[in-house]
Amino acid sequence: MASQLPILIYLIAVIGFAAVSLFLPHLVAPKRPTRVKDMPYESGMDPIGDARKPFDIKFYLIAILFLVFDIELLFVYPWAVALKAEYGIPVSFHPIVLTVLMVLLVTLGLAYLVAYRKGVFDWRRK
């Protein structure tokens, strides 16, 4: 336990600093609410109209496709690093890993092709 005492002290100091940094401005800062300060603010533009306007479904489809291909990178990058690492995947498993990777990439390619054929990326088409 004595060897872990510095870590405990450091942990208490970090949590204490974070707590003081979060709560001190609420005690010290001036509180002068105005109508302009209470307005919602987005990207330097004043809000116009209702914030609950319906979005086109294509916006959501593009967002989902972005997430799918972003998640794909989370799988592909570690495989690529593990294949090249000295103590990564054993050489005997390289063909299996590459086969699984190719199946994933082909499946995602087909999903991209289906989305393209359905007109997800064509914003002007009615």
# chains A, B, ... in the order shown; residues from 1 in each chain; ligands from 1
call {"tool": "residues_around", "arguments": {"residues": "Leu105 of chain A", "least_positions_apart": "5", "cutoff": "10 Å", "atoms": "only C-alpha atoms", "output": "NGL selection string"}}
result
:A and (69 or 72 or 76 or 99-100 or 110-111)
call {"tool": "closest_residue", "arguments": {"among": "A:Leu83, A:Ile7, A:Val20, A:Val68", "to": "Pro95 of chain A", "atoms": "only C-alpha atoms"}}
result
A:Leu83
call {"tool": "atom_distance", "arguments": {"atom1": "atom CA of Leu101 of chain A", "atom2": "atom CA of Phe75 of chain A"}}
result
8.6 Å
call {"tool": "residues_around", "arguments": {"residues": "segment 46-62 of chain A", "least_positions_apart": "2", "cutoff": "10 Å", "atoms": "only C-alpha atoms", "output": "ChimeraX atom specification"}}
result
/A:39-44,64-68,115,119-123
call {"tool": "write_last_selection", "arguments": {"atoms": "C-alpha atoms", "output": "PDB file, in the first residue's frame"}}
result
ATOM      1  CA  MET A  39     -30.829  32.991 -26.928  1.00  0.00           C
ATOM      2  CA  PRO A  40     -29.679  29.754 -28.544  1.00  0.00           C
ATOM      3  CA  TYR A  41     -26.464  30.203 -30.522  1.00  0.00           C
ATOM      4  CA  GLU A  42     -25.312  28.065 -33.433  1.00  0.00           C
ATOM      5  CA  SER A  43     -22.256  28.690 -35.604  1.00  0.00           C
ATOM      6  CA  GLY A  44     -22.446  32.468 -35.337  1.00  0.00           C
ATOM      7  CA  ILE A  64     -25.668   6.390 -41.464  1.00  0.00           C
ATOM      8  CA  LEU A  65     -23.409   5.624 -44.437  1.00  0.00           C
ATOM      9  CA  PHE A  66     -20.733   7.859 -42.975  1.00  0.00           C
ATOM     10  CA  LEU A  67     -20.936   5.988 -39.684  1.00  0.00           C
ATOM     11  CA  VAL A  68     -20.753   2.621 -41.453  1.00  0.00           C
ATOM     12  CA  ALA A 115     -27.037   3.080 -51.771  1.00  0.00           C
ATOM     13  CA  GLY A 119     -30.196   7.469 -55.323  1.00  0.00           C
ATOM     14  CA  VAL A 120     -29.053   8.232 -51.792  1.00  0.00           C
ATOM     15  CA  PHE A 121     -26.247  10.459 -53.067  1.00  0.00           C
ATOM     16  CA  ASP A 122     -28.374  12.286 -55.659  1.00  0.00           C
ATOM     17  CA  TRP A 123     -29.655  15.330 -53.772  1.00  0.00           C
TER      18      TRP A 123
END
call {"tool": "atom_distance", "arguments": {"atom1": "atom CA of Val106 of chain A", "atom2": "atom CA of His94 of chain A"}}
result
18.0 Å
call {"tool": "select_by_dssp", "arguments": {"residues": "segment 18-116 of chain A", "states": "helix (DSSP H, G or I)", "output": "number ranges by chain"}}
result
A: 18-28, 57-84, 91-116
call {"tool": "atom_distance", "arguments": {"atom1": "atom CA of Leu27 of chain A", "atom2": "atom CA of Val14 of chain A"}}
result
20.2 Å
